[in-house]
file run-v9.txt (compact mmCIF, C-alpha atoms and all ligand atoms)
# COMPACT_ATOMS: atom_id res chain seq x y z
CA MET A 222 146.85 49.11 132.75
CA THR A 223 143.59 48.79 134.68
CA VAL A 224 143.20 51.60 137.20
CA LEU A 225 139.65 51.01 138.39
CA GLU A 226 138.01 47.65 138.81
CA LEU A 227 134.53 46.78 140.08
CA ARG A 228 133.68 43.13 140.64
CA ASN A 229 130.07 42.04 141.05
CA VAL A 230 129.06 45.17 142.92
CA THR A 231 125.52 45.01 144.28
CA LYS A 232 123.50 47.46 146.35
CA THR A 233 119.96 47.00 147.57
CA TYR A 234 117.71 49.46 149.37
CA GLY A 235 115.01 47.57 151.26
CA GLY A 236 113.93 44.96 148.75
CA PHE A 237 114.97 47.07 145.76
CA THR A 238 118.18 46.32 143.88
CA ALA A 239 119.67 49.64 142.73
CA VAL A 240 122.96 48.16 141.45
CA ASP A 241 122.90 44.54 140.36
CA GLY A 242 126.20 42.69 139.96
CA VAL A 243 128.13 45.41 138.15
CA THR A 244 131.57 44.39 136.87
CA LEU A 245 133.62 47.07 135.22
CA GLU A 246 137.23 47.89 134.40
CA VAL A 247 138.65 51.22 133.33
CA GLU A 248 142.07 51.54 131.75
CA GLN A 249 144.58 54.27 132.57
CA GLY A 250 143.71 57.61 130.95
CA LYS A 251 140.37 56.48 129.50
CA ILE A 252 137.06 58.30 129.82
CA LEU A 253 134.08 56.05 130.40
CA SER A 254 130.53 57.41 130.20
CA LEU A 255 127.83 55.76 132.29
CA LEU A 256 124.54 56.31 130.54
CA GLY A 257 121.04 55.14 131.28
CA PRO A 258 117.53 56.26 132.16
CA SER A 259 116.69 57.87 135.46
CA GLY A 260 116.92 55.42 138.35
CA CYS A 261 119.07 52.82 136.55
CA GLY A 262 121.81 52.97 139.20
CA LYS A 263 124.41 55.29 137.65
CA THR A 264 124.81 57.65 140.59
CA THR A 265 124.74 54.81 143.11
CA THR A 266 127.57 53.10 141.20
CA LEU A 267 129.59 56.32 141.25
CA ARG A 268 128.95 56.83 144.96
CA ILE A 269 130.09 53.29 145.68
CA ILE A 270 133.38 53.99 143.87
CA ALA A 271 133.76 57.28 145.75
CA GLY A 272 133.05 55.58 149.09
CA PHE A 273 129.85 57.44 150.01
CA VAL A 274 127.74 54.29 149.68
CA SER A 275 128.94 50.86 150.78
CA PRO A 276 127.91 47.96 148.56
CA ASP A 277 126.19 44.86 149.96
CA ALA A 278 128.46 42.67 147.90
CA GLY A 279 131.36 42.94 145.48
CA SER A 280 134.64 44.80 145.49
CA VAL A 281 136.13 48.06 144.26
CA ARG A 282 139.83 48.29 143.43
CA ILE A 283 141.67 51.50 142.63
CA GLY A 284 145.23 51.17 141.35
CA GLY A 285 145.09 47.47 142.24
CA ASP A 286 144.17 48.05 145.92
CA ASP A 287 140.85 47.03 147.46
CA VAL A 288 139.43 50.31 148.76
CA GLY A 289 136.36 48.79 150.41
CA LYS A 290 137.43 49.83 153.89
CA LEU A 291 138.73 53.28 153.00
CA LYS A 292 136.90 56.55 153.65
CA PRO A 293 136.10 58.74 150.61
CA TYR A 294 139.01 61.13 151.27
CA GLU A 295 141.43 58.19 151.57
CA ARG A 296 140.54 56.79 148.13
CA ASN A 297 142.54 59.05 145.85
CA VAL A 298 139.54 60.00 143.72
CA GLY A 299 138.68 63.46 142.38
CA LEU A 300 134.99 64.32 142.59
CA LEU A 301 132.81 66.69 140.67
CA PHE A 302 129.28 65.91 141.82
CA GLN A 303 126.07 67.77 141.19
CA ASP A 304 125.54 68.36 144.89
CA TYR A 305 129.18 68.76 145.79
CA ALA A 306 129.22 72.51 145.41
CA LEU A 307 132.05 74.96 146.07
CA PHE A 308 132.45 76.24 149.60
CA PRO A 309 130.82 79.69 149.50
CA HIS A 310 132.96 81.14 152.29
CA MET A 311 136.23 80.19 150.58
CA THR A 312 137.98 81.97 147.72
CA VAL A 313 138.66 80.26 144.41
CA SER A 314 142.22 79.44 145.53
CA GLN A 315 141.08 78.07 148.88
CA ASN A 316 138.47 75.91 147.17
CA VAL A 317 141.04 74.44 144.78
CA ALA A 318 143.54 73.88 147.62
CA TYR A 319 140.93 72.24 149.85
CA GLY A 320 141.46 68.57 148.94
CA MET A 321 145.23 68.84 148.99
CA ARG A 322 145.21 69.28 152.75
CA TYR A 323 143.93 65.73 153.17
CA ARG A 324 146.22 64.14 150.65
CA GLY A 325 149.49 65.07 152.30
CA THR A 326 150.56 67.66 149.71
CA ARG A 327 153.47 69.65 151.15
CA ALA A 328 152.20 73.07 152.22
CA ALA A 329 154.92 74.80 150.20
CA ALA A 330 153.79 73.04 147.02
CA VAL A 331 150.13 74.08 147.32
CA PRO A 332 150.24 77.63 145.84
CA SER A 333 152.06 76.58 142.68
CA ARG A 334 149.69 73.63 142.19
CA VAL A 335 146.67 75.93 142.62
CA GLU A 336 148.14 78.31 140.06
CA GLN A 337 148.80 75.46 137.65
CA MET A 338 145.21 74.16 138.01
CA LEU A 339 143.63 77.59 137.57
CA SER A 340 145.60 78.21 134.42
CA LEU A 341 144.53 74.77 133.13
CA VAL A 342 140.85 75.69 133.56
CA GLN A 343 141.51 79.22 132.26
CA LEU A 344 140.74 81.05 135.48
CA ALA A 345 144.12 82.63 136.21
CA GLY A 346 143.54 86.02 137.85
CA MET A 347 140.38 84.97 139.70
CA GLU A 348 142.18 83.50 142.74
CA THR A 349 140.68 85.84 145.33
CA ARG A 350 137.08 85.81 144.11
CA TYR A 351 134.32 84.05 146.02
CA PRO A 352 131.96 81.57 144.30
CA ASN A 353 129.08 84.07 144.28
CA GLN A 354 131.28 86.39 142.17
CA LEU A 355 131.58 83.76 139.42
CA SER A 356 129.30 82.65 136.59
CA GLY A 357 127.89 79.11 136.60
CA GLY A 358 130.45 78.00 134.02
CA GLN A 359 133.32 79.51 136.01
CA GLN A 360 132.11 77.77 139.18
CA GLN A 361 132.13 74.43 137.38
CA ARG A 362 135.69 75.09 136.21
CA VAL A 363 136.77 75.79 139.79
CA ALA A 364 135.09 72.57 140.88
CA LEU A 365 136.97 70.73 138.13
CA ALA A 366 140.26 72.33 139.19
CA ARG A 367 139.53 71.21 142.78
CA ALA A 368 138.78 67.67 141.59
CA LEU A 369 142.03 67.43 139.61
CA ALA A 370 144.33 69.29 142.03
CA THR A 371 145.30 66.22 144.06
CA ASP A 372 146.28 64.33 140.90
CA PRO A 373 143.75 61.61 141.71
CA LYS A 374 144.00 58.09 140.31
CA VAL A 375 140.34 58.24 139.25
CA VAL A 376 138.12 61.23 138.46
CA LEU A 377 134.37 60.85 139.02
CA LEU A 378 132.01 63.32 137.39
CA ASP A 379 128.27 63.21 138.08
CA GLU A 380 126.22 65.30 135.63
CA PRO A 381 129.07 67.83 135.53
CA LEU A 382 127.37 70.17 133.07
CA SER A 383 123.69 69.77 133.86
CA ALA A 384 123.35 73.08 135.72
CA LEU A 385 124.48 75.10 132.71
CA ASP A 386 122.47 76.48 129.81
CA ALA A 387 122.64 74.71 126.45
CA LYS A 388 125.26 76.88 124.73
CA LEU A 389 127.63 77.01 127.70
CA ARG A 390 127.14 73.33 128.21
CA LEU A 391 128.44 72.59 124.75
CA GLU A 392 131.45 74.90 125.14
CA LEU A 393 132.38 73.49 128.50
CA ARG A 394 131.92 69.93 127.25
CA LEU A 395 134.70 70.41 124.71
CA GLU A 396 136.87 72.13 127.29
CA LEU A 397 136.27 69.38 129.83
CA LYS A 398 137.26 66.71 127.32
CA GLU A 399 140.42 68.58 126.44
CA ILE A 400 141.42 69.13 130.07
CA LEU A 401 140.85 65.47 130.97
CA ARG A 402 143.07 64.49 128.01
CA ILE A 403 145.82 66.95 128.97
CA VAL A 404 146.06 65.59 132.52
CA GLY A 405 145.49 61.99 131.32
CA ALA A 406 142.75 61.48 133.89
CA THR A 407 141.10 58.08 134.22
CA THR A 408 137.49 59.22 134.36
CA ILE A 409 133.97 57.98 134.85
CA VAL A 410 131.31 60.47 133.87
CA VAL A 411 127.66 59.91 134.69
CA THR A 412 125.11 61.63 132.55
CA HIS A 413 121.58 61.06 131.38
CA ASP A 414 122.37 63.22 128.33
CA GLN A 415 123.12 60.91 125.41
CA GLU A 416 124.98 63.46 123.38
CA GLU A 417 127.20 64.28 126.34
CA ALA A 418 127.90 60.60 127.02
CA LEU A 419 128.68 59.83 123.39
CA SER A 420 130.89 62.87 122.88
CA LEU A 421 132.87 62.67 126.14
CA GLY A 422 133.42 58.93 126.45
CA ASP A 423 136.11 56.84 124.79
CA GLU A 424 133.65 54.13 125.69
CA VAL A 425 130.05 54.16 126.84
CA VAL A 426 128.47 51.82 129.35
CA VAL A 427 124.69 51.62 129.09
CA MET A 428 122.89 50.67 132.31
CA HIS A 429 119.33 49.46 132.73
CA ALA A 430 117.66 48.43 135.99
CA GLY A 431 120.95 48.23 137.90
CA ARG A 432 122.79 46.17 135.29
CA ILE A 433 125.22 46.88 132.50
CA VAL A 434 123.50 46.03 129.22
CA GLN A 435 126.24 47.10 126.81
CA ARG A 436 129.71 48.53 126.77
CA GLY A 437 131.30 49.81 123.59
CA THR A 438 132.64 52.78 121.71
CA PRO A 439 130.04 55.47 120.99
CA THR A 440 129.84 54.23 117.39
CA GLU A 441 129.37 50.58 118.40
CA ILE A 442 126.63 51.48 120.86
CA TYR A 443 124.74 53.43 118.21
CA ARG A 444 125.31 51.20 115.18
CA THR A 445 125.20 47.78 116.80
CA PRO A 446 123.02 48.07 119.89
CA ALA A 447 123.04 44.88 121.96
CA ASP A 448 119.27 44.76 122.37
CA LYS A 449 116.03 46.59 121.82
CA PHE A 450 116.42 48.62 124.99
CA VAL A 451 119.78 50.10 123.88
CA ALA A 452 118.51 50.74 120.35
CA GLU A 453 115.47 52.55 121.73
CA PHE A 454 117.43 54.47 124.32
CA ILE A 455 120.22 55.75 122.04
CA GLY A 456 119.21 57.99 119.18
CA ARG A 457 115.93 58.08 117.31
CA SER A 458 114.42 55.14 115.52
CA ASN A 459 111.42 53.90 113.58
CA TRP A 460 110.10 50.58 114.86
CA PHE A 461 108.06 47.92 113.10
CA GLN A 462 106.56 44.81 114.65
CA ALA A 463 106.91 42.02 112.12
CA VAL A 464 106.85 38.29 111.47
CA PRO A 465 109.48 36.49 109.39
CA GLY A 466 108.40 36.26 105.76
CA GLY A 467 111.14 33.93 104.55
CA GLU A 468 114.78 33.93 103.54
CA MET A 469 115.45 35.51 100.15
CA ASN A 470 119.08 34.46 99.92
CA GLN A 471 121.95 34.07 102.35
CA SER A 472 121.26 36.43 105.27
CA LEU A 473 118.83 38.60 103.29
CA ASN A 474 115.54 38.06 105.05
CA SER A 475 112.08 39.27 104.40
CA TYR A 476 109.67 40.36 107.16
CA ILE A 477 106.00 41.28 107.01
CA THR A 478 105.09 44.10 109.38
CA GLU A 479 101.81 44.26 111.25
CA GLU A 480 100.70 46.95 108.77
CA GLY A 481 101.39 44.53 105.90
CA PHE A 482 104.61 46.13 104.54
CA GLU A 483 107.39 43.88 103.35
CA ILE A 484 110.74 44.91 104.84
CA ARG A 485 114.00 43.21 103.97
CA ALA A 486 116.84 43.05 106.42
CA ARG A 487 120.39 41.91 105.91
CA ALA A 488 120.75 40.42 109.35
CA ALA A 489 120.56 37.03 111.02
CA GLN A 490 117.03 35.64 110.82
CA SER A 491 115.29 36.10 114.14
CA ASN A 492 114.14 32.72 115.47
CA ARG A 493 111.22 34.34 117.14
CA SER A 494 107.86 34.32 115.49
CA ASP A 495 107.73 38.08 116.03
CA ALA A 496 110.56 40.51 115.45
CA ALA A 497 111.11 44.19 116.14
CA LEU A 498 112.69 46.00 113.20
CA CYS A 499 114.51 49.27 113.76
CA VAL A 500 115.38 51.83 111.08
CA ARG A 501 117.31 54.96 112.01
CA PRO A 502 115.80 58.13 110.51
CA GLU A 503 119.06 59.24 108.87
CA HIS A 504 119.11 56.00 106.85
CA ILE A 505 115.86 56.89 105.12
CA GLU A 506 116.12 58.68 101.81
CA LEU A 507 113.10 60.43 100.36
CA PHE A 508 112.20 60.77 96.70
CA ASP A 509 109.37 62.42 94.83
CA GLY A 510 106.46 59.96 94.92
CA ALA A 511 105.10 61.15 91.57
CA ALA A 512 108.30 60.24 89.66
CA PRO A 513 108.39 56.83 87.95
CA GLU A 514 109.61 54.06 90.24
CA PRO A 515 113.10 52.83 89.38
CA THR A 516 113.92 49.11 88.93
CA HIS A 517 113.64 47.44 92.26
CA ASP A 518 116.93 46.53 93.91
CA PRO A 519 116.35 43.52 96.25
CA GLU A 520 118.63 45.13 98.85
CA GLN A 521 116.47 48.22 99.00
CA ASN A 522 113.21 48.77 100.85
CA ILE A 523 110.69 51.19 99.40
CA LEU A 524 107.63 52.47 101.26
CA ALA A 525 105.26 54.88 99.58
CA GLY A 526 103.36 57.52 101.54
CA MET A 527 102.53 61.19 101.89
CA VAL A 528 104.64 63.92 103.47
CA LEU A 529 102.86 64.91 106.67
CA ASP A 530 105.29 67.44 108.09
CA VAL A 531 108.60 69.09 107.20
CA ALA A 532 110.43 70.69 110.12
CA PRO A 533 113.77 72.41 109.41
CA LEU A 534 115.60 72.19 112.76
CA GLY A 535 118.87 74.00 112.12
CA PRO A 536 121.35 71.58 110.57
CA ASP A 537 118.74 68.85 110.05
CA VAL A 538 115.30 68.64 108.51
CA HIS A 539 112.87 66.26 110.19
CA VAL A 540 110.34 64.89 107.76
CA VAL A 541 107.34 62.89 108.94
CA VAL A 542 105.90 60.59 106.29
CA GLU A 543 102.47 59.01 106.66
CA LEU A 544 102.37 55.48 105.29
CA PRO A 545 99.16 53.53 104.62
CA GLY A 546 97.27 52.64 107.80
CA LYS A 547 98.19 56.00 109.41
CA ARG A 548 101.61 54.57 110.19
CA ARG A 549 104.23 57.34 110.58
CA LEU A 550 107.87 57.32 109.61
CA LEU A 551 110.52 59.87 110.62
CA ALA A 552 113.28 60.68 108.14
CA ILE A 553 116.12 63.07 108.95
CA ARG A 554 118.04 64.74 106.17
CA LYS A 555 120.69 67.45 106.14
CA ASN A 556 119.37 70.98 105.79
CA VAL A 557 121.33 71.65 102.58
CA GLY A 558 120.27 72.34 99.01
CA ARG A 559 116.61 72.66 98.21
CA ASN A 560 115.40 69.29 99.46
CA PRO A 561 113.55 68.52 96.22
CA GLY A 562 110.57 66.22 96.40
CA VAL A 563 109.72 66.87 100.03
CA VAL A 564 106.68 69.08 100.32
CA SER A 565 103.91 68.65 102.89
CA GLY A 566 100.86 66.93 101.40
CA GLN A 567 102.78 65.52 98.42
CA PRO A 568 103.35 61.83 97.65
CA VAL A 569 106.80 60.56 98.56
CA ARG A 570 108.80 57.34 98.46
CA ALA A 571 110.96 56.36 101.41
CA TYR A 572 114.03 54.23 100.61
CA PHE A 573 116.28 52.40 103.02
CA GLN A 574 118.83 49.63 102.62
CA ALA A 575 118.31 46.10 103.94
CA SER A 576 121.70 46.44 105.65
CA ASP A 577 120.39 49.43 107.63
CA VAL A 578 117.55 47.48 109.25
CA LEU A 579 118.31 46.23 112.77
CA VAL A 580 116.42 43.13 113.85
CA PHE A 581 115.66 42.24 117.48
N1 LIG B 1 119.46 56.12 149.74
C1 LIG B 1 118.54 55.50 149.00
N2 LIG B 1 117.48 54.89 149.56
C2 LIG B 1 116.56 54.23 148.82
N3 LIG B 1 116.60 54.13 147.48
C3 LIG B 1 117.63 54.72 146.85
C4 LIG B 1 118.65 55.44 147.55
N4 LIG B 1 119.54 55.90 146.64
C5 LIG B 1 119.10 55.51 145.44
N5 LIG B 1 117.95 54.78 145.55
C6 LIG B 1 117.19 54.20 144.45
O1 LIG B 1 118.06 53.42 143.65
C7 LIG B 1 117.77 53.56 142.26
C8 LIG B 1 119.02 54.03 141.52
O2 LIG B 1 119.29 55.37 141.88
P1 LIG B 1 120.45 56.20 141.21
O3 LIG B 1 120.49 57.54 141.87
O4 LIG B 1 121.70 55.40 141.24
O5 LIG B 1 119.92 56.32 139.72
P2 LIG B 1 120.48 57.17 138.51
O6 LIG B 1 120.64 56.20 137.40
O7 LIG B 1 121.68 57.92 138.91
O8 LIG B 1 119.27 58.12 138.21
P3 LIG B 1 119.22 59.69 137.85
O9 LIG B 1 119.65 59.80 136.43
O10 LIG B 1 117.78 60.02 138.04
O11 LIG B 1 120.12 60.39 138.81
C9 LIG B 1 116.61 54.55 142.17
O12 LIG B 1 115.41 53.82 142.00
C10 LIG B 1 116.64 55.26 143.51
O13 LIG B 1 115.34 55.65 143.90

call {"tool": "encode", "arguments": {"input": "run-v9.txt", "output": "structure tokens"}}
result
Amino acid sequence: MTVLELRNVTKTYGGFTAVDGVTLEVEQGKILSLLGPSGCGKTTTLRIIAGFVSPDAGSVRIGGDDVGKLKPYERNVGLLFQDYALFPHMTVSQNVAYGMRYRGTRAAAVPSRVEQMLSLVQLAGMETRYPNQLSGGQQQRVALARALATDPKVVLLDEPLSALDAKLRLELRLELKEILRIVGATTIVVTHDQEEALSLGDEVVVMHAGRIVQRGTPTEIYRTPADKFVAEFIGRSNWFQAVPGGEMNQSLNSYITEEGFEIRARAAQSNRSDAALCVRPEHIELFDGAAPEPTHDPEQNILAGMVLDVAPLGPDVHVVVELPGKRRLLAIRKNVGRNPGVVSGQPVRAYFQASDVLVF
């Protein structure tokens, strides 16, 4: 069942279009991440749903009803916004109870609901504290409890974890996901943090210049990006500018890069005279460049170079390979075993499959 529906929503400021014909549906109980670079219109979209910004055109429906004429507090949405802080003069309990006053919750039902919410966010026992007596993470949990207390049809989260340090952010991310699942909240979360968007969302919507450029599961967005923008924006990649060098057999195509390398891609031949080839660093395998070269598999690309840098970054090792023409290639391998054959200054061969080359 569709709970939230945006149809052709547009918002301009002066001559600038911040949100450009956004159409979006969110199903009951699903978490949708809105992801995109700064200024792409994420927050404006969220504010339009919440009722803080009125669109120039288009409609917003919540639970099937057009909410265009309703005030924010009449919309049955739960908000956790960056700048929507706790009330400093109210206790934890009062903060959580705040929204219920406007939503017609019976006064007698409020204390038990507050208790239920605080136990959900693991803050039972902190009812009488004031926000300045809480850590940043605890404050965000209270804000989440406040957002969920009215049992809203839609929950809107804008950069909910951005104020926290990296470790806490990760912990709270898992907790947030679990809590949203427990209450079955239909949620839109706005973040500019890719990892957060990909880990929280059942689906991810990528925005660029006010428009939706792709919607898909986190895996679809990463593995089959709709265009060059999405491929560049999500994850790391190595890019080659190339011209088609001919079809080898059905859907195995050869390209010649501007540096003169031949790269084969198992993808539809680009009609354009120039193509952008993308290879994710985790798809590149590295082998000792001094060892004899094995028989060449037509599905495999091999580029020979020198290891320029080896950086062990916790679970991963980032290896920069310098190819002829000073062209650099990033390969990421797991930080396990002894990583034979990868030593700075030594010759190396980089392998990647034709099926792992994306063509735009
Ligand atoms: N009240 C306003 N007046 C004029 N321009 C605005 C206003 N609000 C937003 N904009 C502009 O609209 C564009 C989209 O802003 P928005 O806040 O939605 O982006 P965002 O994707 O959330 O970015 P960020 O990740 O930086 O928060 C930006 O270029 C912004 O400057």

call {"tool": "atom_distance", "arguments": {"input": "run-v9.txt", "atom1": "atom CA of A:Thr244", "atom2": "atom O1 of ligand LIG 1 (chain B)"}}
result
17.6 Å

call {"tool": "residues_near_ligand", "arguments": {"input": "run-v9.txt", "ligand": "ligand LIG 1 (chain B)", "cutoff": "9 Å", "atoms": "only C-alpha atoms and all ligand atoms", "output": "PyMOL selection string"}}
result
chain A and resi 232-235+237-240+255-268+274+379-380+411-413+428-431

call {"tool": "closest_atom_pairs", "arguments": {"input": "run-v9.txt", "of": "stretch 406-462 of chain A", "to": "stretch 352-372 of chain A", "cutoff": "12 Å", "atoms": "all atoms listed in the file", "output": "CSV"}}
result
residue,atom,partner,partner_atom,distance
A:Ala406,CA,A:Leu369,CA,8.3
A:Thr407,CA,A:Asp372,CA,10.5
A:Thr408,CA,A:Leu369,CA,10.8

call {"tool": "closest_residue", "arguments": {"input": "run-v9.txt", "among": "A:Ser340, A:Gln435, A:Gln567, A:Gln462", "to": "A:Ala447", "atoms": "all atoms listed in the file"}}
result
A:Gln435

call {"tool": "residues_around", "arguments": {"input": "run-v9.txt", "residues": "A:Arg324", "least_positions_apart": "2", "cutoff": "12 Å", "atoms": "all atoms listed in the file", "output": "NGL selection string"}}
result
:A and (293-299 or 318-322 or 326-328 or 331 or 370-373)

call {"tool": "closest_residue", "arguments": {"input": "run-v9.txt", "among": "A:Leu227, A:Ala488, A:Ala532, A:Ala330", "to": "A:Gly285", "atoms": "all atoms listed in the file"}}
result
A:Leu227

call {"tool": "residues_near_point", "arguments": {"input": "run-v9.txt", "point": "(134.0, 55.0, 124.1)", "cutoff": "12 Å", "atoms": "all atoms listed in the file", "output": "ChimeraX atom specification"}}
result
/A:247-248,251-256,408-410,417-427,435-443

call {"tool": "atom_distance", "arguments": {"input": "run-v9.txt", "atom1": "atom CA of A:Ala496", "atom2": "atom CA of A:Val580"}}
result
6.6 Å

call {"tool": "atom_distance", "arguments": {"input": "run-v9.txt", "atom1": "atom CA of A:Leu579", "atom2": "atom CA of A:Ala525"}}
result
20.5 Å

call {"tool": "residues_around", "arguments": {"input": "run-v9.txt", "residues": "A:Pro568", "least_positions_apart": "2", "cutoff": "7 Å", "atoms": "all atoms listed in the file", "output": "PyMOL selection string"}}
result
chain A and resi 509-511+526-528+566

call {"tool": "write_last_selection", "arguments": {"input": "run-v9.txt", "atoms": "C-alpha atoms", "output": "tab-separated table (two decimals), in the frame of the given file"}}
result
chain	number	residue	atom	x	y	z
A	509	ASP	CA	109.37	62.42	94.83
A	510	GLY	CA	106.46	59.96	94.92
A	511	ALA	CA	105.10	61.15	91.57
A	526	GLY	CA	103.36	57.52	101.54
A	527	MET	CA	102.53	61.19	101.89
A	528	VAL	CA	104.64	63.92	103.47
A	566	GLY	CA	100.86	66.93	101.40

call {"tool": "closest_residue", "arguments": {"input": "run-v9.txt", "among": "A:Ile269, A:Val243, A:Ala575, A:Met347", "to": "A:Asp518", "atoms": "all atoms listed in the file"}}
result
A:Ala575

call {"tool": "closest_residue", "arguments": {"input": "run-v9.txt", "among": "A:Asp287, A:Glu520, A:Asp277, A:Glu246", "to": "A:Val230", "atoms": "only C-alpha atoms"}}
result
A:Asp277

call {"tool": "residues_around", "arguments": {"input": "run-v9.txt", "residues": "A:Leu391", "least_positions_apart": "2", "cutoff": "12 Å", "atoms": "only C-alpha atoms", "output": "ChimeraX atom specification"}}
result
/A:358,381-383,385-389,393-398,414,416-417,420-421

call {"tool": "closest_residue", "arguments": {"input": "run-v9.txt", "among": "A:Tyr476, A:Tyr351, A:Phe461, A:Phe482", "to": "A:Leu524", "atoms": "only C-alpha atoms"}}
result
A:Phe482

call {"tool": "closest_residue", "arguments": {"input": "run-v9.txt", "among": "A:Glu483, A:Thr231, A:Phe273, A:Ile400", "to": "A:Gln343", "atoms": "all atoms listed in the file"}}
result
A:Ile400

call {"tool": "residues_near_point", "arguments": {"input": "run-v9.txt", "point": "(120.8, 33.7, 106.4)", "cutoff": "9 Å", "atoms": "all atoms listed in the file", "output": "mmCIF file with C-alpha atoms, in the frame of the given file"}}
result
data_model
loop_
_atom_site.group_PDB
_atom_site.id
_atom_site.type_symbol
_atom_site.label_atom_id
_atom_site.label_comp_id
_atom_site.auth_asym_id
_atom_site.auth_seq_id
_atom_site.Cartn_x
_atom_site.Cartn_y
_atom_site.Cartn_z
ATOM 1 C CA GLU A 468 114.780 33.930 103.540
ATOM 2 C CA MET A 469 115.450 35.510 100.150
ATOM 3 C CA ASN A 470 119.080 34.460 99.920
ATOM 4 C CA GLN A 471 121.950 34.070 102.350
ATOM 5 C CA SER A 472 121.260 36.430 105.270
ATOM 6 C CA LEU A 473 118.830 38.600 103.290
ATOM 7 C CA ASN A 474 115.540 38.060 105.050
ATOM 8 C CA ARG A 487 120.390 41.910 105.910
ATOM 9 C CA ALA A 488 120.750 40.420 109.350
ATOM 10 C CA ALA A 489 120.560 37.030 111.020
ATOM 11 C CA GLN A 490 117.030 35.640 110.820
#

call {"tool": "decode", "arguments": {"input": "run-v9.txt", "residues": "stretch 244-261 of chain A", "atoms": "C-alpha atoms", "output": "compact mmCIF listing (two decimals), in the first residue's frame"}}
result
# COMPACT_ATOMS: atom_id res chain seq x y z
CA THR A 244 7.42 12.05 -8.52
CA LEU A 245 7.83 9.52 -5.77
CA GLU A 246 5.88 6.81 -3.99
CA VAL A 247 6.74 5.12 -0.72
CA GLU A 248 5.11 1.87 0.36
CA GLN A 249 3.92 1.13 3.90
CA GLY A 250 6.78 0.28 6.26
CA LYS A 251 9.58 0.98 3.77
CA ILE A 252 12.65 3.12 4.38
CA LEU A 253 13.66 5.28 1.45
CA SER A 254 16.99 7.12 1.44
CA LEU A 255 17.27 10.38 -0.49
CA LEU A 256 20.87 10.80 -1.52
CA GLY A 257 22.63 13.39 -3.60
CA PRO A 258 25.29 16.09 -3.56
CA SER A 259 24.88 19.29 -1.61
CA GLY A 260 22.21 21.54 -3.09
CA CYS A 261 20.45 18.85 -5.15
